[in-house]
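Structure first, then comments.
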2 protein chains.
Amino acid sequence: MQGSSHDDVRRHNLSVVLRLVHRSGAASRSQLTKVTGLNRSTIAALVAELVERGLVIEREPSSTNQVGRPSPIVSVSEQVVALAVNPEIDAVTIGIVGLDGQVHRRVRYPTDRSPSVLEAVNIAAAVIDGMRGELDAKFTVVGIGVAVPGLVRAHDGLVRHAPHLGWVDEPLAEMLEAATGYPVLAANDASLGAMAERFFGAGQGITDLIYLNGGASGIGGGMIVGGVPAGGIGGYAGEFGHTRVSDSDRVDSAGIRGTLEAEVTRSELLDVLGLAGADVDELEQALLASTSPAVRAEVNRQIDHLAVALAGAINILNPQLVVLGGFLAALLAVDADRLRAAVGSHSLGAAFGTVRLSAAELGANLLMIGAAELAFEGLLDDPAALPAAPAPAQGA
Amino acid sequence: MQGSSHDDVRRHNLSVVLRLVHRSGAASRSQLTKVTGLNRSTIAALVAELVERGLVIEREPSSTNQVGRPSPIVSVSEQVVALAVNPEIDAVTIGIVGLDGQVHRRVRYPTDRSPSVLEAVNIAAAVIDGMRGELDAKFTVVGIGVAVPGLVRAHDGLVRHAPHLGWVDEPLAEMLEAATGYPVLAANDASLGAMAERFFGAGQGITDLIYLNGGASGIGGGMIVGGVPAGGIGGYAGEFGHTRVSDSDRVDSAGIRGTLEAEVTRSELLDVLGLAGADVDELEQALLASTSPAVRAEVNRQIDHLAVALAGAINILNPQLVVLGGFLAALLAVDADRLRAAVGSHSLGAAFGTVRLSAAELGANLLMIGAAELAFEGLLDDPAALPAAPAPAQGA
DNA sequence: CCGATTTGTGGCGTTCTGCAACGTATCACG
DNA sequence: CGTGATACGTTGCAGAACGCCACAAATCGG
C-alpha cells in the first residue's frame with residue numbers, strides 16, 4: 001500500500017497544515033501558502049476544513065505593519081488536548097497538554113515505593129477520572145501518551161523491560177486503555193524527550209540530534225535521524241547509557257562493565273558534594289558554587305567519560321545538535337569547554353566541527369510534552385480521521 | 001514546499017512502481033496492483049508511461065500455473081545504466097551498472113601510488129571515454145555515482161577529507177562532471193555499501209541495519225535507520241571505526257586512541273598468519289585453516305574488540321541486522337559464536353535478542369552497485385524528470 | 001468444449017488542486 | 001481625507017489523476 005491517490009493528497013495537505021500550526025504555534029494563511037507551496041485557494045479550503053473539525057481557529061490579525069490585505073491568523077484550537085502519563089520510581093505524573101504545546105495541568109502523585117503496573121494504571125486512571133469533569137466540559141481529548149523509563153515495544157505499547165520500576169513484559173497501554181477508555185500509546189521516556197526538545201525546545205528546526213538525559217536511576221537517550229525519531233526495529237534504540245567508555249570494572253544497572261552509566265552517575269556527584277538528595281537545579285547550583293578540588297576532580301572524571309560516549313555517538317550519527325538533560329546538563333554548565341575539548345579529542349573533525357552541545361530547555365514539562373506529542377501523532381498524520389467534533393455540520 | 005498536488009501524486013506513483021521493479025527485478029502488473037494498492041487501470045497507465053519513457057519493458061508471461069488471464073511481466077529496461085566510480089589507494093575502478101542491478105562491466109585501473117583527485121578524475125574520464133562507443137550504442141546513462149573512501153559532503157559531492165587518499169576539500173563531483181558531461185553524485189563508500197547490501201544483498205526488506213566494512217586502510221560503516229540511509233547532517237555519519245573500545249594507547253588513522261580501527265586491523269591478521277598480502281577470500285581461508293594458537297589469540301582479541309563496538313552501535317540503534325564486510329566478515333566466519341557471545345555480554349537483552357549478524361554478500365560488486373544506486377536515486381525519485389529517451393512519441 | 005476465475009481495457013464520474021479575475025483591506029503619500 | 005499601490009481572500013472554472021464499472025480476453029479444470 002504505497003500508492004497515493006486523491007484522498008492521500010488531501011490527507012497529506014491537511015496533515016502538513018495542522019503540523020505547521022501545531023509547531024509554529026500560529027501562522028497567517030499567507031505564511032502557510034508560502035511554506036507549503038500550495039495555492040491560496042487550497043489553503044483556504046484546508047483551513048476551513050480544519051476549523052470545521054474543531055482543530056484550528058482563525059482570528060483576525062492584530063497589526064501586520066504590512067501593506068496589503070491582512071491575512072487571518074491560524075492557530076491550533078485550545079480545546080484539543082492529550083493526556084500525558086509518566087510513571088517513575090517515586091511518583092506517577094499525569095498532565096493535560098494542549099495541541100499548542102501548552103501544559104494546562106500537571107499532577108504529580110507520589111508513591112511510597114516503586115509502583116507496579118497495576119498501581120500505576122490505577123493511579124493514572126483515578127487522576128484522569130478526577131479530571132473528567134474538566135475534560136468533558138472544556139476539552140476534546142485525543143488520547144493518552146505514556147512516557148516509560150524503559151524499553152517499550154513501539155506498535156502495541158508493551159513494556160518489555162523497565163529495570164528501575166521492575167516491570168517486565170507488561171501490557172501497559174492495553175491496561176490503561178481499558179481503565180480509561182482513551183486510546184493509549186507508550187514509548188521510551190528519553191525518545192519522547194528527544195522529540196519534545198526537537199519540536200518545542202533546544203532543537204527547533206533541526207533534523208539530526210541526539211538527546212541524553214541523566215536521571216536518578218541512570219542515563220537514557222533518544223535521537224532524531226534525518227528528521228525522523230529513530231526507534232530501531234523494536235523501539236529500543238537510544239540506549240546511550242550502556243556505551244562502553246572505559247576498561248574499568250564498574251558495572252551499570254544491566255550488569256555491563258565500563259559503561260557510561262557505570263561511570264557517570266548522579267549519586268556520585270551528590271556524594272562528593274555531601275548532599276543527600278537534591279533536584280537537578282540544586283545540584284547544578286551546588287556544583288557551580290563548589291571550590292572543592294575533590295568535587296572538581298569528580299566532575300572532570302565524569303565529563304571525560306561522558307565525552308567518550310558523546311564522541312562515539314557523534315562519529316556514528318553526525319548530528320547537528322546534542323541536547324543534554326538532567327544532571328548531564330549540570331556537567332555541561334560547570335565546564336562546557338572541557339566537555340567540548342574532550343569530545344573533540346575523541347571524534348573526527350568533520351563530524352565534530354558542525355555539532356553543537358546544549359542543555360535541555362523544557363525542564364519539568366519535557367516528558368509531558370513528549371508523551372502528549374505521541375498521542376497527537378495520529379491526529380497530525382490524519383486530521384480527517386477524527387470525527388468532526390463540535391459542530392457536526394452536514395457539509396462534512 | 002511540503003504540500004502535494006496532482007503532479008506529486010503522479011510522480012510519487014511512478015516512483016513507487018519504478019522502485020518496485022528496480023528492486024524486485026520483475027513483477028507482474030497484477031502483483032504491482034496488490035503491492036501498491038492502486039487500481040488496475042492506474043497501474044496500466046503508470047506502466048505505459050514508464051514504457052514510453054524507456055525505463056521499463058513489458059513482456060508476455062511465461063507460465064503462471066494460475067487460473068485467469070495472465071498478467072504481463074514488468075521489468076526494468078536493460079538499456080538504462082549508471083556509471084560507478086571508486087577511487088582507492090592503489091586503483092580506480094569504473095563500472096557500468098544496469099538499473100536491474102546487473103554489473104555489465106567493471107574495469108579496475110591500477111595506479112602506482114595513491115592517485116590525486118585530478119589523476120582519479122582523469123583516469124575515470126579516460127576509461128569512460130573508452131566506453132563511450134558502447135555506452136552511446138547500447139545504453140542510456142543516467143549519471144555517475146562515486147564511492148569515496150572518506151567523508152563526503154552530501155549535497156555537492158565535495159570530498160571533505162579522505163585520509164588514505166590524502167584528499168582534503170576536493171570538489172570531486174564538480175571536476176568529474178566537467179570532465180565527462182554526466183551528472184555526478186558522490187558519497188561515502190561504506191554508506192553506499194550499506195545501501196547496496198540493504199537492497200541487493202544480505203539486507204533485503206530490512207529497515208534498520210548497520211554495515212561495517214574492514215578494508216586495508218581501516219574500518220568504515222554505514223547504516224539504514226527506519227528504512228532511510230542515515231547520512232547525518234553533513235553526510236559524515238557511519239564512522240564506526242573511531243568508536244572507543246579500550247583504554248589502550250594504540251591510535252587509529254585519525255590519531256584517536258583505543259578505537260576499533262586501532263585495535264582491529266587487517267595487517268595484524270596478515271602478520272600473525274605470516275602472509276605478505278592477500279585478498280579478503282585468501283585471508284579468510286588462511287584464518288579458517290590455521291591451527292596456530294597465536295593466530296587464534298589474535299583473532300579472539302580482534303573479535304572481542306569488534307564486539308564492543310558492535311554492541312555499542314546495537315544499543316544505540318537497535319537494528320535488525322548487522323552486516324560485516326571485508327576482513328570483518330572473515331572474523332565472523334572464523335568464530336561467529338564467540339562474536340555473538342561477546343556482543344551479547346556488552347549489550348542489552350532486548351536490542352540484542354532481535355539482531356542478526358551476517359556477512360556481506362555482494363563481494364567485488366558491492367561498491368559498483370552502491371555507487372550506481374546513488375546515481376539512480378534521482379531517476380527513481382522522479383521518473384518523469386528525464387526526457388522520454390528512445391521514442392519521443394507525441395503522446396507524451 | 002464450457003464454465004469459472006483472473007486480469008487487461010476503455011469510458012465515466014469524482015475529487016482535489018491550480019489559475020485567473022474580481023473584491024477587499026491596509027499602508028503610504030499628498 | 002482621498003487616491004493609488006499592494007497583498008490577500010473569494011469565487012468560478014478547467015485540468016489532471018485516480019477509482020469504479022462493464023466488457024473483453026486468456027488461462028485452468030473438468
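In the C-alpha cells, chains take the letters A, B, ... in the order shown, each chain's residues start at 1, and ligands count up from 1 in the order shown.
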From the DSSP assignment of the backbone, select every residue of range 151-231 of chain A that is strand (DSSP E or B), and format the answer as a PyMOL selection string. chain A and resi 151-152+159-162+167-170+184-188+209-215+218-225+228-229
Set the distance at 12 Å and use only C-alpha atoms (C1' of nucleotides): which residues neighbour Asp304 in chain A once local chain neighbours fewer than 5 positions away are removed? I'd like the list as a PDB file with N, CA, C and O atoms, in the first residue's frame.
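Produced file part32.pdb, reproduced below:
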ATOM      1  N   VAL A 245      32.821   3.072  27.894  1.00  0.00           N
ATOM      2  CA  VAL A 245      33.669   4.262  27.889  1.00  0.00           C
ATOM      3  C   VAL A 245      34.999   4.029  28.594  1.00  0.00           C
ATOM      4  O   VAL A 245      35.871   4.897  28.583  1.00  0.00           O
ATOM      5  N   SER A 246      35.165   2.872  29.221  1.00  0.00           N
ATOM      6  CA  SER A 246      36.443   2.603  29.886  1.00  0.00           C
ATOM      7  C   SER A 246      36.599   1.108  30.105  1.00  0.00           C
ATOM      8  O   SER A 246      35.656   0.334  29.913  1.00  0.00           O
ATOM      9  N   LEU A 260      28.983   4.068  30.205  1.00  0.00           N
ATOM     10  CA  LEU A 260      28.694   5.446  30.581  1.00  0.00           C
ATOM     11  C   LEU A 260      27.889   5.501  31.872  1.00  0.00           C
ATOM     12  O   LEU A 260      28.198   6.275  32.786  1.00  0.00           O
ATOM     13  N   GLU A 263      29.961   4.838  34.932  1.00  0.00           N
ATOM     14  CA  GLU A 263      30.986   5.828  35.293  1.00  0.00           C
ATOM     15  C   GLU A 263      30.401   7.179  35.651  1.00  0.00           C
ATOM     16  O   GLU A 263      30.972   7.920  36.453  1.00  0.00           O
ATOM     17  N   VAL A 264      29.324   7.522  35.006  1.00  0.00           N
ATOM     18  CA  VAL A 264      28.765   8.866  35.154  1.00  0.00           C
ATOM     19  C   VAL A 264      27.434   8.745  35.886  1.00  0.00           C
ATOM     20  O   VAL A 264      26.443   8.287  35.323  1.00  0.00           O
ATOM     21  N   ALA A 297      37.543  17.250  40.727  1.00  0.00           N
ATOM     22  CA  ALA A 297      38.117  16.035  40.144  1.00  0.00           C
ATOM     23  C   ALA A 297      37.019  15.081  39.688  1.00  0.00           C
ATOM     24  O   ALA A 297      37.100  14.487  38.601  1.00  0.00           O
ATOM     25  N   GLU A 298      35.982  14.952  40.524  1.00  0.00           N
ATOM     26  CA  GLU A 298      34.894  14.052  40.161  1.00  0.00           C
ATOM     27  C   GLU A 298      34.149  14.565  38.917  1.00  0.00           C
ATOM     28  O   GLU A 298      33.811  13.788  38.023  1.00  0.00           O
ATOM     29  N   VAL A 299      33.912  15.861  38.890  1.00  0.00           N
ATOM     30  CA  VAL A 299      33.247  16.442  37.731  1.00  0.00           C
ATOM     31  C   VAL A 299      34.076  16.188  36.469  1.00  0.00           C
ATOM     32  O   VAL A 299      33.549  15.769  35.433  1.00  0.00           O
ATOM     33  N   ALA A 309      31.504   8.810  25.261  1.00  0.00           N
ATOM     34  CA  ALA A 309      30.228   8.316  24.739  1.00  0.00           C
ATOM     35  C   ALA A 309      29.651   9.279  23.700  1.00  0.00           C
ATOM     36  O   ALA A 309      29.161   8.860  22.650  1.00  0.00           O
ATOM     37  N   LEU A 310      29.727  10.566  24.002  1.00  0.00           N
ATOM     38  CA  LEU A 310      29.201  11.549  23.053  1.00  0.00           C
ATOM     39  C   LEU A 310      29.977  11.496  21.747  1.00  0.00           C
ATOM     40  O   LEU A 310      29.393  11.548  20.660  1.00  0.00           O
ATOM     41  N   ALA A 311      31.304  11.401  21.862  1.00  0.00           N
ATOM     42  CA  ALA A 311      32.127  11.374  20.653  1.00  0.00           C
ATOM     43  C   ALA A 311      31.773  10.163  19.798  1.00  0.00           C
ATOM     44  O   ALA A 311      31.663  10.263  18.572  1.00  0.00           O
ATOM     45  N   LEU A 331      26.642  19.024  34.308  1.00  0.00           N
ATOM     46  CA  LEU A 331      28.047  18.847  33.941  1.00  0.00           C
ATOM     47  C   LEU A 331      28.445  19.822  32.836  1.00  0.00           C
ATOM     48  O   LEU A 331      29.523  20.418  32.864  1.00  0.00           O
ATOM     49  N   LEU A 332      27.550  19.980  31.884  1.00  0.00           N
ATOM     50  CA  LEU A 332      27.822  20.926  30.797  1.00  0.00           C
ATOM     51  C   LEU A 332      27.944  22.346  31.339  1.00  0.00           C
ATOM     52  O   LEU A 332      28.823  23.117  30.929  1.00  0.00           O
ATOM     53  N   ASP A 335      31.476  22.977  33.167  1.00  0.00           N
ATOM     54  CA  ASP A 335      32.680  23.154  32.354  1.00  0.00           C
ATOM     55  C   ASP A 335      32.423  22.732  30.907  1.00  0.00           C
ATOM     56  O   ASP A 335      32.852  21.667  30.457  1.00  0.00           O
ATOM     57  N   ALA A 336      31.750  23.616  30.188  1.00  0.00           N
ATOM     58  CA  ALA A 336      31.422  23.321  28.793  1.00  0.00           C
ATOM     59  C   ALA A 336      32.684  23.197  27.947  1.00  0.00           C
ATOM     60  O   ALA A 336      32.755  22.375  27.033  1.00  0.00           O
ATOM     61  N   ASP A 337      33.680  24.002  28.282  1.00  0.00           N
ATOM     62  CA  ASP A 337      34.909  23.979  27.485  1.00  0.00           C
ATOM     63  C   ASP A 337      35.612  22.636  27.583  1.00  0.00           C
ATOM     64  O   ASP A 337      36.069  22.083  26.585  1.00  0.00           O
ATOM     65  N   ARG A 338      35.700  22.116  28.821  1.00  0.00           N
ATOM     66  CA  ARG A 338      36.351  20.830  28.988  1.00  0.00           C
ATOM     67  C   ARG A 338      35.599  19.733  28.225  1.00  0.00           C
ATOM     68  O   ARG A 338      36.210  18.907  27.550  1.00  0.00           O
ATOM     69  N   LEU A 339      34.277  19.771  28.359  1.00  0.00           N
ATOM     70  CA  LEU A 339      33.493  18.746  27.670  1.00  0.00           C
ATOM     71  C   LEU A 339      33.700  18.830  26.164  1.00  0.00           C
ATOM     72  O   LEU A 339      33.941  17.819  25.500  1.00  0.00           O
ATOM     73  N   ARG A 340      33.638  20.029  25.652  1.00  0.00           N
ATOM     74  CA  ARG A 340      33.812  20.217  24.200  1.00  0.00           C
ATOM     75  C   ARG A 340      35.180  19.738  23.748  1.00  0.00           C
ATOM     76  O   ARG A 340      35.308  19.045  22.734  1.00  0.00           O
ATOM     77  N   ALA A 341      36.196  20.113  24.506  1.00  0.00           N
ATOM     78  CA  ALA A 341      37.553  19.714  24.132  1.00  0.00           C
ATOM     79  C   ALA A 341      37.704  18.194  24.178  1.00  0.00           C
ATOM     80  O   ALA A 341      38.318  17.587  23.292  1.00  0.00           O
ATOM     81  N   ALA A 342      37.141  17.601  25.220  1.00  0.00           N
ATOM     82  CA  ALA A 342      37.269  16.156  25.363  1.00  0.00           C
ATOM     83  C   ALA A 342      36.514  15.427  24.247  1.00  0.00           C
ATOM     84  O   ALA A 342      36.998  14.436  23.697  1.00  0.00           O
ATOM     85  N   VAL A 343      35.344  15.916  23.920  1.00  0.00           N
ATOM     86  CA  VAL A 343      34.604  15.311  22.813  1.00  0.00           C
ATOM     87  C   VAL A 343      35.423  15.434  21.531  1.00  0.00           C
ATOM     88  O   VAL A 343      35.559  14.485  20.757  1.00  0.00           O
ATOM     89  N   GLY A 344      36.007  16.609  21.342  1.00  0.00           N
ATOM     90  CA  GLY A 344      36.797  16.839  20.136  1.00  0.00           C
ATOM     91  C   GLY A 344      37.971  15.891  20.012  1.00  0.00           C
ATOM     92  O   GLY A 344      38.294  15.427  18.914  1.00  0.00           O
ATOM     93  N   SER A 345      38.589  15.569  21.136  1.00  0.00           N
ATOM     94  CA  SER A 345      39.772  14.720  21.064  1.00  0.00           C
ATOM     95  C   SER A 345      39.418  13.277  20.751  1.00  0.00           C
ATOM     96  O   SER A 345      40.291  12.495  20.396  1.00  0.00           O
ATOM     97  N   HIS A 346      38.173  12.917  20.891  1.00  0.00           N
ATOM     98  CA  HIS A 346      37.773  11.542  20.598  1.00  0.00           C
ATOM     99  C   HIS A 346      36.967  11.425  19.310  1.00  0.00           C
ATOM    100  O   HIS A 346      36.495  10.344  18.986  1.00  0.00           O
TER     101      HIS A 346
END
So that I can see what lies close to range 13-19 of chain D, please list as JSON, numbers by chain the residues with an atom at most 10 Å from it, counting only C-alpha atoms (C1' of nucleotides) and leaving out residues fewer than 2 positions away in the same chain. {"A": [4, 5, 6, 7], "B": [5, 6, 7, 9, 10, 38, 39, 40, 41, 42], "C": [13, 14, 15, 16, 17, 18, 19, 20], "D": [11, 21]}
Atoms to include: N, CA and C atoms (P, O5', C5', C4', C3', O3' and C1' of nucleotides). Write the selected residues as a short mmCIF file (atom, residue, chain, number, x, y, z; two decimals), in the first residue's frame.
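Saved the output as selection_26.cif:
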data_model
loop_
_atom_site.label_atom_id
_atom_site.label_comp_id
_atom_site.auth_asym_id
_atom_site.auth_seq_id
_atom_site.Cartn_x
_atom_site.Cartn_y
_atom_site.Cartn_z
N SER A 4 -0.44 6.46 -3.87
CA SER A 4 -1.24 7.53 -3.28
C SER A 4 -2.30 7.98 -4.26
N SER A 5 -3.39 8.46 -3.71
CA SER A 5 -4.49 8.89 -4.56
C SER A 5 -5.03 10.22 -4.03
N HIS A 6 -6.20 10.60 -4.50
CA HIS A 6 -6.76 11.89 -4.10
C HIS A 6 -6.88 12.02 -2.59
N ASP A 7 -7.43 11.00 -2.01
CA ASP A 7 -7.61 11.01 -0.56
C ASP A 7 -6.29 11.28 0.15
N SER B 5 0.39 18.01 -4.69
CA SER B 5 -0.70 18.26 -5.62
C SER B 5 -0.78 17.08 -6.59
N HIS B 6 -1.55 17.24 -7.64
CA HIS B 6 -1.73 16.15 -8.59
C HIS B 6 -0.42 15.68 -9.17
N ASP B 7 0.39 16.62 -9.56
CA ASP B 7 1.70 16.27 -10.12
C ASP B 7 2.47 15.38 -9.17
N VAL B 9 1.29 13.39 -6.92
CA VAL B 9 0.71 12.05 -6.85
C VAL B 9 1.24 11.20 -8.00
N ARG B 10 1.17 11.76 -9.19
CA ARG B 10 1.65 11.03 -10.36
C ARG B 10 3.13 10.68 -10.21
N LEU B 38 -2.97 0.30 -5.66
CA LEU B 38 -3.58 1.14 -6.70
C LEU B 38 -4.49 0.29 -7.59
N ASN B 39 -5.29 0.98 -8.34
CA ASN B 39 -6.23 0.31 -9.22
C ASN B 39 -5.53 -0.27 -10.45
N ARG B 40 -6.12 -1.33 -11.00
CA ARG B 40 -5.57 -1.94 -12.22
C ARG B 40 -5.35 -0.91 -13.33
N SER B 41 -6.37 -0.07 -13.50
CA SER B 41 -6.26 0.89 -14.61
C SER B 41 -5.14 1.89 -14.35
N THR B 42 -4.97 2.23 -13.10
CA THR B 42 -3.91 3.18 -12.76
C THR B 42 -2.54 2.56 -13.02
P DG C 13 -20.75 10.25 -16.63
"O5'" DG C 13 -20.30 10.31 -15.11
"C5'" DG C 13 -20.53 9.19 -14.24
"C4'" DG C 13 -19.74 9.37 -12.96
"C3'" DG C 13 -19.84 10.76 -12.33
"O3'" DG C 13 -20.11 10.62 -10.94
"C1'" DG C 13 -17.57 10.19 -12.66
P DT C 14 -20.40 11.90 -10.05
"O5'" DT C 14 -19.11 11.93 -9.13
"C5'" DT C 14 -18.57 10.70 -8.63
"C4'" DT C 14 -17.28 10.99 -7.89
"C3'" DT C 14 -17.28 12.31 -7.12
"O3'" DT C 14 -16.81 12.08 -5.80
"C1'" DT C 14 -15.40 12.19 -8.58
P DT C 15 -16.92 13.25 -4.71
"O5'" DT C 15 -15.39 13.67 -4.58
"C5'" DT C 15 -14.39 12.66 -4.60
"C4'" DT C 15 -13.04 13.32 -4.71
"C3'" DT C 15 -12.94 14.68 -4.00
"O3'" DT C 15 -11.77 14.72 -3.22
"C1'" DT C 15 -12.20 14.87 -6.23
P DC C 16 -11.67 15.73 -1.97
"O5'" DC C 16 -10.31 16.48 -2.29
"C5'" DC C 16 -9.21 15.72 -2.76
"C4'" DC C 16 -8.38 16.56 -3.68
"C3'" DC C 16 -8.17 17.99 -3.17
"O3'" DC C 16 -6.80 18.22 -2.91
"C1'" DC C 16 -8.75 17.96 -5.49
P DT C 17 -6.33 19.56 -2.17
"O5'" DT C 17 -5.48 20.29 -3.30
"C5'" DT C 17 -4.57 19.54 -4.10
"C4'" DT C 17 -4.35 20.25 -5.41
"C3'" DT C 17 -3.95 21.73 -5.26
"O3'" DT C 17 -2.68 21.94 -5.83
"C1'" DT C 17 -5.70 21.45 -6.88
P DG C 18 -2.00 23.41 -5.73
"O5'" DG C 18 -2.31 24.04 -7.16
"C5'" DG C 18 -1.88 23.33 -8.33
"C4'" DG C 18 -2.25 24.12 -9.57
"C3'" DG C 18 -1.84 25.59 -9.55
"O3'" DG C 18 -1.35 25.94 -10.83
"C1'" DG C 18 -4.19 25.43 -9.81
P DC C 19 -0.72 27.38 -11.08
"O5'" DC C 19 -1.87 28.19 -11.83
"C5'" DC C 19 -2.60 27.55 -12.88
"C4'" DC C 19 -3.69 28.47 -13.38
"C3'" DC C 19 -3.37 29.96 -13.32
"O3'" DC C 19 -3.73 30.57 -14.54
"C1'" DC C 19 -5.42 29.54 -12.23
P DA C 20 -3.07 31.98 -14.95
"O5'" DA C 20 -4.37 32.88 -15.17
"C5'" DA C 20 -5.55 32.28 -15.69
"C4'" DA C 20 -6.75 33.14 -15.35
"C3'" DA C 20 -6.47 34.64 -15.24
"O3'" DA C 20 -7.54 35.36 -15.82
"C1'" DA C 20 -7.42 33.89 -13.25
P DT D 11 -16.83 33.17 -1.38
"O5'" DT D 11 -17.01 32.96 -2.95
"C5'" DT D 11 -17.16 34.11 -3.81
"C4'" DT D 11 -16.94 33.70 -5.25
"C3'" DT D 11 -17.50 32.33 -5.62
"O3'" DT D 11 -18.40 32.46 -6.71
"C1'" DT D 11 -15.28 32.57 -6.42
P DC D 21 -18.35 0.03 -8.48
"O5'" DC D 21 -18.87 -0.22 -9.95
"C5'" DC D 21 -19.31 0.90 -10.74
"C4'" DC D 21 -19.38 0.50 -12.21
"C3'" DC D 21 -19.74 -0.97 -12.45
"O3'" DC D 21 -20.79 -1.05 -13.40
"C1'" DC D 21 -17.78 -0.38 -13.66
#
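Picture a line from CA of Ala230 in chain A to CA of Leu14 in chain A; it runs 24.4 Å.
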Quick check: residues of chain C within 7 Å of chain B, only C-alpha atoms (C1' of nucleotides), returned as a list in words. DT5, DT6, DT7 and DT17 of chain C
Residues of range 84-266 of chain B classed as alpha helix (DSSP H) by DSSP on the backbone are to be reported as number ranges by chain. B: 117-138, 172-180, 189-200, 260-263, 266
Test item: chain A residues at most 8 Å from chain B, counting only C-alpha atoms, as JSON, numbers by chain: {"A": [1, 2, 3, 4, 5, 6, 9, 12, 13, 16, 34, 35, 36, 37, 38, 151, 160, 161, 207, 208, 225, 226, 230, 231, 232, 233, 234, 235, 236, 237, 238, 239, 240, 242, 243, 244, 245, 246, 247, 254, 256, 257, 308, 311, 312, 314, 315, 316, 317, 318, 319, 320, 345, 346, 347, 348, 350, 351]}
Could you write out the selected residues, including C-alpha atoms, as a compact mmCIF listing (two decimals), in the first residue's frame?
# COMPACT_ATOMS: atom_id res chain seq x y z
CA MET A 1 0.00 0.00 0.00
CA GLN A 2 2.43 2.59 -1.10
CA GLY A 3 0.49 4.25 -3.88
CA SER A 4 -1.24 7.53 -3.28
CA SER A 5 -4.49 8.89 -4.56
CA HIS A 6 -6.76 11.89 -4.10
CA VAL A 9 -3.24 14.20 -1.19
CA HIS A 12 -1.31 14.85 3.45
CA ASN A 13 -2.09 18.51 2.92
CA VAL A 16 1.00 19.44 6.72
CA LYS A 34 4.46 30.33 1.22
CA VAL A 35 5.71 27.50 3.38
CA THR A 36 3.63 24.77 1.80
CA GLY A 37 3.85 25.99 -1.77
CA LEU A 38 0.13 25.43 -2.12
CA LEU A 151 12.15 -0.40 26.77
CA ARG A 160 9.41 -5.09 27.59
CA HIS A 161 11.69 -4.13 30.41
CA THR A 207 16.87 17.24 11.63
CA ASP A 208 19.65 15.29 13.31
CA VAL A 225 17.82 10.92 12.45
CA GLY A 226 17.05 12.66 9.21
CA ALA A 230 14.74 6.71 15.39
CA GLY A 231 13.26 3.89 17.38
CA GLY A 232 15.07 0.96 15.89
CA ILE A 233 13.35 -2.23 14.91
CA GLY A 234 11.67 -2.79 18.25
CA GLY A 235 11.60 0.72 19.68
CA TYR A 236 14.61 0.01 21.88
CA ALA A 237 17.01 2.43 20.26
CA GLY A 238 18.76 5.21 22.13
CA GLU A 239 20.40 3.29 24.96
CA PHE A 240 23.47 5.50 25.12
CA HIS A 242 25.36 1.31 28.06
CA THR A 243 28.06 2.52 25.71
CA ARG A 244 31.49 1.36 26.84
CA VAL A 245 33.67 4.26 27.89
CA SER A 246 36.44 2.60 29.89
CA ASP A 247 38.06 -0.70 30.82
CA ALA A 254 22.31 -4.02 33.27
CA ILE A 256 27.67 -4.38 31.74
CA ARG A 257 31.15 -3.19 32.67
CA VAL A 308 33.82 9.40 25.10
CA ALA A 311 32.13 11.37 20.65
CA GLY A 312 31.23 7.83 19.69
CA ILE A 314 28.76 11.87 17.09
CA ASN A 315 31.10 9.83 14.91
CA ILE A 316 28.33 7.40 14.12
CA LEU A 317 25.40 9.75 13.70
CA ASN A 318 26.94 13.09 12.68
CA PRO A 319 24.21 15.12 14.37
CA GLN A 320 23.78 18.86 14.32
CA SER A 345 39.77 14.72 21.06
CA HIS A 346 37.77 11.54 20.60
CA SER A 347 35.89 12.44 17.46
CA LEU A 348 36.53 13.16 13.83
CA ALA A 350 34.34 16.81 10.12
CA ALA A 351 31.56 15.49 12.31
Show me which bits of chain D are within 6 Å of chain B, counting only C-alpha atoms (C1' of nucleotides), as a ChimeraX atom specification. /D:26-28
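Pairwise distance (CA of Ala84 in chain A, CA of Ile210 in chain A) equals 22.6 Å.
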Would you mind reading off the distance between CA of Ala154 in chain A and CA of Met368 in chain A, one decimal, in Å? 18.3 Å
Restricting the calculation to only C-alpha atoms: of A:Thr265, A:Thr180, A:Ser191, A:Ser28, which residue gets closest to Asn122 in chain A? A:Thr180
List the neighbours of Asp112 in chain B out to 10 Å using only C-alpha atoms (C1' of nucleotides); skip same-chain residues closer than 3 positions along the sequence, and give me the result as a JSON list (two decimals) with N, CA, C and O atoms, in the first residue's frame.
[["chain", "number", "residue", "atom", "x", "y", "z"],
["B", 89, "ILE", "N", 43.39, 3.55, -2.88],
["B", 89, "ILE", "CA", 44.80, 3.92, -2.79],
["B", 89, "ILE", "C", 45.64, 3.32, -3.91],
["B", 89, "ILE", "O", 46.65, 3.86, -4.30],
["B", 90, "ASP", "N", 45.21, 2.19, -4.46],
["B", 90, "ASP", "CA", 46.06, 1.53, -5.45],
["B", 90, "ASP", "C", 45.37, 1.34, -6.80],
["B", 90, "ASP", "O", 45.89, 0.67, -7.68],
["B", 91, "ALA", "N", 44.18, 1.90, -6.96],
["B", 91, "ALA", "CA", 43.48, 1.71, -8.23],
["B", 91, "ALA", "C", 42.25, 2.62, -8.28],
["B", 91, "ALA", "O", 41.79, 3.12, -7.26],
["B", 115, "PRO", "N", 46.29, 7.90, -6.03],
["B", 115, "PRO", "CA", 46.07, 8.95, -7.02],
["B", 115, "PRO", "C", 45.62, 10.27, -6.39],
["B", 115, "PRO", "O", 44.95, 10.27, -5.36]]
